[in-house]
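For reference, input15.csv (CSV, C-alpha atoms):
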chain,number,residue,atom,x,y,z
L,176,MET,CA,9.3,9.7,-23.0
L,177,GLU,CA,7.7,12.3,-25.2
L,178,ASN,CA,7.7,12.5,-29.1
L,179,VAL,CA,9.3,9.1,-29.8
L,180,SER,CA,8.8,7.6,-33.3
L,181,VAL,CA,7.7,3.9,-33.8
L,182,ASP,CA,11.2,3.1,-35.3
L,183,GLU,CA,12.9,4.5,-32.2
L,184,VAL,CA,10.7,2.4,-29.9
L,185,LYS,CA,11.6,-0.7,-31.9
L,186,LYS,CA,15.3,0.1,-31.3
L,187,HIS,CA,14.5,0.6,-27.6
L,188,VAL,CA,12.9,-2.9,-27.5
L,189,ARG,CA,16.2,-4.5,-28.6
L,190,THR,CA,18.0,-2.5,-25.8
L,191,TYR,CA,15.4,-3.8,-23.3
L,192,VAL,CA,16.2,-7.4,-24.2
L,193,LEU,CA,19.9,-6.8,-23.8
L,194,VAL,CA,19.4,-5.2,-20.4
L,195,PHE,CA,17.2,-8.2,-19.4
L,196,VAL,CA,19.9,-10.6,-20.3
L,197,SER,CA,22.5,-8.5,-18.5
L,198,LEU,CA,20.3,-8.4,-15.3
L,199,MET,CA,19.9,-12.2,-15.4
L,200,PHE,CA,23.6,-12.7,-15.8
L,201,LEU,CA,24.4,-10.4,-12.9
L,202,THR,CA,21.8,-12.2,-10.7
L,203,VAL,CA,23.6,-15.5,-11.4
L,204,VAL,CA,27.0,-13.9,-10.6
L,205,THR,CA,25.7,-12.5,-7.3
L,206,VAL,CA,24.3,-15.8,-6.2
L,207,THR,CA,27.4,-17.7,-7.4
L,208,ILE,CA,29.7,-15.3,-5.4
L,209,SER,CA,27.6,-15.8,-2.3
L,210,LEU,CA,28.2,-19.6,-2.5
L,211,PHE,CA,31.9,-19.0,-1.8
L,212,HIS,CA,31.1,-17.5,1.7
L,213,LEU,CA,33.8,-14.8,1.3
L,214,GLU,CA,35.0,-12.7,4.1
L,215,THR,CA,32.1,-10.3,5.2
L,216,HIS,CA,33.6,-7.0,4.1
L,217,LEU,CA,34.6,-8.3,0.6
L,218,ALA,CA,31.2,-10.0,0.2
L,219,ILE,CA,29.4,-6.8,1.1
L,220,ILE,CA,31.5,-4.7,-1.3
L,221,LEU,CA,31.0,-7.2,-4.2
L,222,ALA,CA,27.3,-7.7,-3.6
L,223,LEU,CA,26.6,-4.0,-3.4
L,224,CYS,CA,28.7,-3.2,-6.5
L,225,ILE,CA,26.7,-5.7,-8.5
L,226,ALA,CA,23.4,-4.4,-7.1
L,227,VAL,CA,24.4,-0.8,-8.0
L,228,ILE,CA,25.2,-1.9,-11.6
L,229,LYS,CA,21.9,-3.8,-11.8
L,230,GLY,CA,20.0,-0.8,-10.3
L,231,SER,CA,21.7,1.6,-12.7
L,232,LEU,CA,20.6,-0.6,-15.7
L,233,VAL,CA,17.0,-0.6,-14.5
L,234,ALA,CA,17.0,3.2,-13.8
L,235,SER,CA,18.8,4.1,-17.0
L,236,TYR,CA,16.9,2.0,-19.6
L,237,PHE,CA,13.6,0.7,-18.1
L,238,MET,CA,13.0,4.0,-16.4
L,239,HIS,CA,14.4,6.0,-19.3
L,240,LEU,CA,16.7,8.1,-17.0
L,241,ILE,CA,19.3,8.1,-19.7
L,242,SER,CA,17.2,10.4,-21.8
L,243,GLU,CA,15.3,12.3,-19.1
L,244,LYS,CA,14.9,16.0,-18.6
L,245,LYS,CA,17.1,18.2,-16.3
L,246,LEU,CA,14.4,18.8,-13.7
L,247,ILE,CA,14.1,15.1,-13.0
L,248,PHE,CA,17.9,14.9,-12.5
L,249,ALA,CA,17.7,17.9,-10.2
L,250,ALA,CA,15.1,16.2,-8.0
L,251,LEU,CA,17.0,13.0,-8.0
L,252,THR,CA,20.3,14.7,-7.1
L,253,LEU,CA,18.7,16.1,-4.0
L,254,THR,CA,17.3,12.7,-3.2
L,255,VAL,CA,20.7,11.1,-3.6
L,256,ILE,CA,22.3,13.7,-1.2
L,257,PHE,CA,19.6,13.1,1.5
L,258,PHE,CA,19.9,9.3,1.0
L,259,LEU,CA,23.7,9.4,1.5
L,260,ALA,CA,23.1,11.6,4.6
L,261,LEU,CA,20.8,8.8,5.9
L,262,MET,CA,23.4,6.2,5.2
L,263,LEU,CA,26.1,8.2,7.0
L,264,LEU,CA,24.0,8.6,10.2
L,265,PRO,CA,25.0,5.1,11.5
L,266,VAL,CA,28.7,5.9,10.7
L,267,SER,CA,28.5,9.2,12.7
L,268,HIS,CA,26.9,7.3,15.6
L,269,PHE,CA,29.7,4.8,15.8
L,270,ALA,CA,32.4,7.5,15.2
L,271,ASP,CA,30.8,9.5,18.1
L,272,ARG,CA,31.2,6.5,20.4
L,273,GLY,CA,34.7,6.0,19.2
L,274,LEU,CA,34.0,2.5,17.8
R,128,MET,CA,-12.5,21.8,-17.1
R,129,GLU,CA,-9.8,19.8,-18.8
R,130,ILE,CA,-6.7,18.8,-16.8
R,131,PRO,CA,-3.7,20.5,-18.4
R,132,TYR,CA,-0.4,18.8,-19.5
R,133,THR,CA,-1.6,15.2,-19.3
R,134,VAL,CA,-0.1,14.5,-22.7
R,135,THR,CA,2.0,17.4,-23.8
R,136,PRO,CA,5.0,18.5,-21.7
R,137,ARG,CA,5.0,21.8,-19.9
R,138,THR,CA,7.4,24.3,-21.4
R,139,ASP,CA,9.0,25.1,-18.0
R,140,THR,CA,9.5,21.6,-16.7
R,141,GLY,CA,9.9,19.8,-20.0
R,142,VAL,CA,7.8,16.8,-18.9
R,143,TYR,CA,4.1,16.1,-18.5
R,144,ASN,CA,2.7,16.7,-15.0
R,145,ALA,CA,2.2,13.1,-14.0
R,146,LYS,CA,5.8,12.2,-14.8
R,147,LEU,CA,7.1,15.0,-12.5
R,148,GLY,CA,4.6,13.8,-9.9
R,149,ILE,CA,5.7,10.2,-10.0
R,150,TRP,CA,9.4,11.0,-9.8
R,151,LEU,CA,8.8,13.2,-6.7
R,152,PHE,CA,6.8,10.4,-5.2
R,153,LEU,CA,9.6,7.9,-6.0
R,154,ALA,CA,12.0,10.4,-4.3
R,155,SER,CA,9.9,10.1,-1.1
R,156,GLU,CA,9.9,6.3,-1.5
R,157,VAL,CA,13.8,6.3,-1.7
R,158,MET,CA,13.8,8.1,1.7
R,159,LEU,CA,11.3,5.6,3.2
R,160,PHE,CA,13.4,2.6,2.2
R,161,GLY,CA,16.6,4.5,2.9
R,162,ALA,CA,15.5,5.1,6.5
R,163,LEU,CA,15.0,1.3,6.9
R,164,PHE,CA,18.3,0.4,5.2
R,165,SER,CA,20.0,3.0,7.4
R,166,SER,CA,18.4,1.3,10.5
R,167,TYR,CA,19.6,-2.1,9.2
R,168,VAL,CA,23.2,-0.8,9.0
R,169,LEU,CA,23.0,0.7,12.5
R,170,LEU,CA,21.5,-2.5,14.0
R,171,ARG,CA,23.9,-4.8,12.1
R,172,VAL,CA,27.1,-2.9,12.9
R,173,GLY,CA,26.0,-2.4,16.5
R,174,ALA,CA,25.1,-6.1,17.1
R,175,PRO,CA,27.8,-8.3,18.7
R,176,THR,CA,26.9,-11.1,16.3
R,177,TRP,CA,24.7,-11.1,13.2
R,178,PRO,CA,23.5,-14.2,11.4
R,179,HIS,CA,24.2,-14.8,7.7
R,180,GLY,CA,21.0,-14.6,5.7
R,181,TYR,CA,21.8,-17.9,3.9
R,182,GLU,CA,21.7,-19.7,7.3
R,183,HIS,CA,18.0,-18.7,7.9
R,184,LEU,CA,16.5,-17.8,4.6
R,185,ASN,CA,15.7,-19.8,1.4
R,186,ILE,CA,18.2,-18.6,-1.3
R,187,PRO,CA,16.7,-20.7,-4.2
R,188,LEU,CA,13.2,-19.3,-3.6
R,189,ALA,CA,14.5,-15.8,-3.3
R,190,THR,CA,16.6,-16.2,-6.5
R,191,VAL,CA,13.5,-17.4,-8.4
R,192,ASN,CA,11.7,-14.4,-7.1
R,193,THR,CA,14.4,-12.1,-8.3
R,194,ILE,CA,14.2,-13.6,-11.8
R,195,VAL,CA,10.4,-13.3,-11.7
R,196,LEU,CA,10.5,-9.6,-10.7
R,197,ILE,CA,13.2,-8.7,-13.2
R,198,THR,CA,11.1,-10.5,-15.9
R,199,SER,CA,8.0,-8.5,-14.8
R,200,SER,CA,10.0,-5.3,-15.3
R,201,VAL,CA,10.7,-6.2,-18.9
R,202,THR,CA,7.1,-7.2,-19.6
R,203,MET,CA,6.0,-3.8,-18.1
R,204,VAL,CA,8.3,-1.8,-20.3
R,205,MET,CA,7.2,-3.9,-23.3
R,206,ALA,CA,3.6,-3.1,-22.4
R,207,TRP,CA,4.4,0.6,-22.7
R,208,ALA,CA,6.4,0.1,-25.9
R,209,SER,CA,3.4,-1.8,-27.4
R,210,LEU,CA,1.2,1.2,-26.8
R,211,MET,CA,3.9,3.5,-28.4
R,212,MET,CA,3.6,1.1,-31.4
R,213,LYS,CA,-0.3,1.5,-31.3
R,214,ASN,CA,-0.8,-2.2,-30.5
R,215,LEU,CA,-3.4,-2.5,-27.7
R,216,SER,CA,-3.7,-6.3,-27.8
R,217,ARG,CA,0.1,-6.7,-27.3
R,218,PHE,CA,-0.2,-4.2,-24.5
R,219,ARG,CA,-2.8,-6.4,-22.8
R,220,LEU,CA,-0.6,-9.5,-23.3
R,221,PHE,CA,2.5,-7.8,-21.7
R,222,MET,CA,0.5,-6.0,-18.9
R,223,GLY,CA,-1.3,-9.3,-18.1
R,224,SER,CA,2.0,-11.1,-17.9
R,225,THR,CA,3.3,-8.4,-15.6
R,226,ILE,CA,0.3,-8.9,-13.3
R,227,LEU,CA,0.7,-12.7,-13.4
R,228,LEU,CA,4.4,-12.5,-12.6
R,229,ALA,CA,3.7,-10.1,-9.7
R,230,LEU,CA,1.2,-12.6,-8.3
R,231,VAL,CA,3.8,-15.4,-8.7
R,232,PHE,CA,6.2,-13.3,-6.7
R,233,LEU,CA,3.6,-12.9,-3.9
R,234,VAL,CA,2.8,-16.6,-3.9
R,235,ILE,CA,6.5,-17.5,-3.5
R,236,LYS,CA,6.9,-14.9,-0.8
R,237,GLY,CA,3.8,-16.5,0.9
R,238,PHE,CA,5.5,-19.9,0.8
R,239,GLU,CA,8.6,-18.4,2.3
R,240,TYR,CA,6.7,-16.7,5.1
R,241,ALA,CA,4.7,-19.9,5.8
R,242,ALA,CA,8.0,-21.8,6.2
R,243,LYS,CA,9.2,-19.3,8.7
R,244,PHE,CA,6.0,-19.4,10.7
R,245,GLU,CA,6.1,-23.2,10.7
R,246,HIS,CA,9.5,-23.0,12.4
R,247,HIS,CA,8.1,-20.4,14.9
R,248,LEU,CA,10.2,-17.7,13.3
R,249,TYR,CA,8.4,-14.4,13.9
R,250,PRO,CA,9.6,-10.8,13.9
R,251,SER,CA,9.9,-11.1,17.7
R,252,GLU,CA,12.5,-13.9,17.3
R,253,SER,CA,15.5,-11.7,16.7
R,254,THR,CA,16.6,-8.3,15.3
R,255,PHE,CA,17.5,-10.0,12.0
R,256,MET,CA,14.0,-11.6,11.6
R,257,ALA,CA,12.4,-8.3,12.6
R,258,ILE,CA,14.3,-6.4,9.9
R,259,TYR,CA,13.7,-9.2,7.4
R,260,PHE,CA,9.9,-9.1,7.9
R,261,THR,CA,9.7,-5.3,8.0
R,262,LEU,CA,11.7,-4.8,4.7
R,263,THR,CA,10.2,-7.7,2.8
R,264,GLY,CA,6.7,-6.9,4.2
R,265,LEU,CA,6.9,-3.3,3.1
R,266,HIS,CA,8.2,-4.3,-0.3
R,267,GLY,CA,5.3,-6.9,-0.6
R,268,LEU,CA,2.8,-4.1,0.1
R,269,HIS,CA,4.3,-2.1,-2.8
R,270,VAL,CA,3.9,-5.1,-5.0
R,271,ILE,CA,0.2,-5.4,-4.1
R,272,GLY,CA,-0.2,-1.6,-4.8
R,273,GLY,CA,1.4,-2.1,-8.2
R,274,ILE,CA,-0.9,-5.1,-9.0
R,275,ILE,CA,-4.0,-3.0,-8.2
R,276,VAL,CA,-2.9,-0.1,-10.5
R,277,ASN,CA,-1.8,-2.5,-13.3
R,278,LEU,CA,-5.1,-4.5,-13.1
R,279,TYR,CA,-7.0,-1.2,-13.5
R,280,LEU,CA,-5.0,-0.3,-16.6
R,281,TRP,CA,-5.2,-3.8,-18.0
R,282,GLY,CA,-9.0,-3.9,-17.4
R,283,PRO,CA,-11.5,-1.0,-17.2
R,284,GLY,CA,-8.7,1.7,-17.4
R,285,ARG,CA,-7.9,0.7,-21.0
R,286,GLU,CA,-11.2,2.3,-22.2
R,287,MET,CA,-9.2,5.6,-22.3
R,288,TRP,CA,-7.2,4.2,-25.2
R,289,LYS,CA,-10.3,4.8,-27.4
R,290,THR,CA,-10.8,8.5,-26.4
R,291,ASP,CA,-7.3,9.7,-25.4
R,292,PRO,CA,-4.5,7.3,-26.4
R,293,GLY,CA,-1.7,9.7,-25.6
R,294,ARG,CA,-2.9,10.1,-22.0
R,295,PHE,CA,-3.4,6.4,-21.5
R,296,THR,CA,0.1,5.7,-22.8
R,297,ASN,CA,1.5,8.2,-20.3
R,298,ARG,CA,-0.5,6.6,-17.5
R,299,VAL,CA,1.1,3.2,-18.4
R,300,GLU,CA,4.5,4.9,-18.4
R,301,VAL,CA,4.0,6.4,-15.0
R,302,ALA,CA,2.7,3.0,-13.6
R,303,GLY,CA,5.8,1.5,-15.2
R,304,LEU,CA,8.2,3.9,-13.4
R,305,TYR,CA,6.6,2.9,-10.1
R,306,TRP,CA,6.9,-0.8,-11.0
R,307,HIS,CA,10.6,-0.5,-12.0
R,308,PHE,CA,11.2,1.2,-8.7
R,309,VAL,CA,9.7,-1.8,-6.8
R,310,ASP,CA,12.1,-4.0,-8.9
R,311,LEU,CA,15.0,-1.8,-8.0
R,312,VAL,CA,14.3,-2.0,-4.3
R,313,TRP,CA,14.3,-5.8,-4.5
R,314,ILE,CA,17.6,-5.8,-6.4
R,315,PHE,CA,19.1,-4.3,-3.2
R,316,LEU,CA,17.0,-6.2,-0.7
R,317,PHE,CA,18.0,-9.6,-2.2
R,318,PRO,CA,21.8,-9.5,-1.5
R,319,VAL,CA,21.5,-7.4,1.7
R,320,LEU,CA,19.0,-9.8,3.4
R,321,TYR,CA,19.7,-13.2,1.8
R,322,LEU,CA,23.3,-13.3,0.6
R,323,LEU,CA,25.3,-11.4,3.2
Translate this file's structure into structure tokens.
Amino acid sequence: MENVSVDEVKKHVRTYVLVFVSLMFLTVVTVTISLFHLETHLAIILALCIAVIKGSLVASYFMHLISEKKLIFAALTLTVIFFLALMLLPVSHFADRGL
Amino acid sequence: MEIPYTVTPRTDTGVYNAKLGIWLFLASEVMLFGALFSSYVLLRVGAPTWPHGYEHLNIPLATVNTIVLITSSVTMVMAWASLMMKNLSRFRLFMGSTILLALVFLVIKGFEYAAKFEHHLYPSESTFMAIYFTLTGLHGLHVIGGIIVNLYLWGPGREMWKTDPGRFTNRVEVAGLYWHFVDLVWIFLFPVLYLL
């Protein structure tokens, strides 16, 4: 994060504390939901949704993605496309076998 | 010859070189863990039965480890913020805390592994145990890598603060980006392996 003033950093510190509290709360929510032993599909959807929210908070604020340059986003967009392709490989395998 | 763009951003990329470098490295790391997550999905969906993580793994220990790692991410970003506020002693306090928390994470993981071995649960026991040891083991190696880099920055590496504070601050930011990625991977590993 280039050219940031001391006052701006102090504001960031308050945001970091808020993000930390949110992450702790979401961790408690994830564990609490798991105690109910929900049906597998619902449990997977809920757990992954919470994990995506937590991951977005870490990436946006701790990794400063929220104020990052275009080039970094371009590299990450390509990464996301290839990552999704990797995740779809098992789906294509089972679709091919008619499962 | 002086290395260019260690402090000031390049006009064409808009960032200093090390930042572009670490993001490209992290992109490759996403693909490394992505390949293993994809294998996990393939093996789990293809298996006639799959055990629930909570039947074999220690949820309370893993929850504590999640809290420890998230806290270490906060202390890491606070270490960088301290340098931005020109406070080296606070940087040392927060970076030292990050290192200690990372060690706590490894110790807890060690207890978890020891309990598995005591019950003769090795990677060869089942596909589930194989993927559990592979994913957590690779993540553990990343934690060890982070500890080594952070120890250097906390110890001898901080000498650069006297001669080139801007460059040292950027080094800490880059190490922080790596450390937050390690935290991010755990945020997904925890529910996938332990809770589902």
Could you tell me which of R:Tyr279, R:Lys236, R:Gly293, R:Ser166 comes closest to Val179 of chain L if we count all atoms listed in the file?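 Checking each candidate against Val179 of chain L, we get R:Gly293 as the closest.
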Using all atoms listed in the file, pick whichever of R:Ile194, R:Leu170, R:Ala229, R:Ile275 has the shortest atom-to-atom distance to Leu264 of chain L.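 The answer is R:Leu170, which sits nearest to Leu264 of chain L.
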For chain R, report every residue with an atom at most 8 Å from chain L (counting only C-alpha atoms), formatted as JSON, numbers by chain. {"R": [135, 136, 140, 141, 142, 147, 150, 151, 154, 157, 158, 161, 162, 164, 165, 166, 168, 169, 190, 193, 194, 197, 198, 200, 201, 204, 205, 208, 211, 212, 303, 304, 307, 308, 311, 314, 315, 318, 319, 322, 323]}
When you draw a straight line from atom CA of Phe221 of chain R to atom CA of Ile271 of chain R, how long is it in Å?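 So the two atoms, atom CA of Phe221 of chain R and atom CA of Ile271 of chain R, lie 17.9 Å apart.
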Separating atom CA of Phe255 of chain R from atom CA of Glu182 of chain R, to the nearest tenth of an Å, is a gap of 11.6 Å
Calculate how many Å separate atom CA of Asn192 of chain R from atom CA of Phe232 of chain R, rounding to one decimal. 5.6 Å
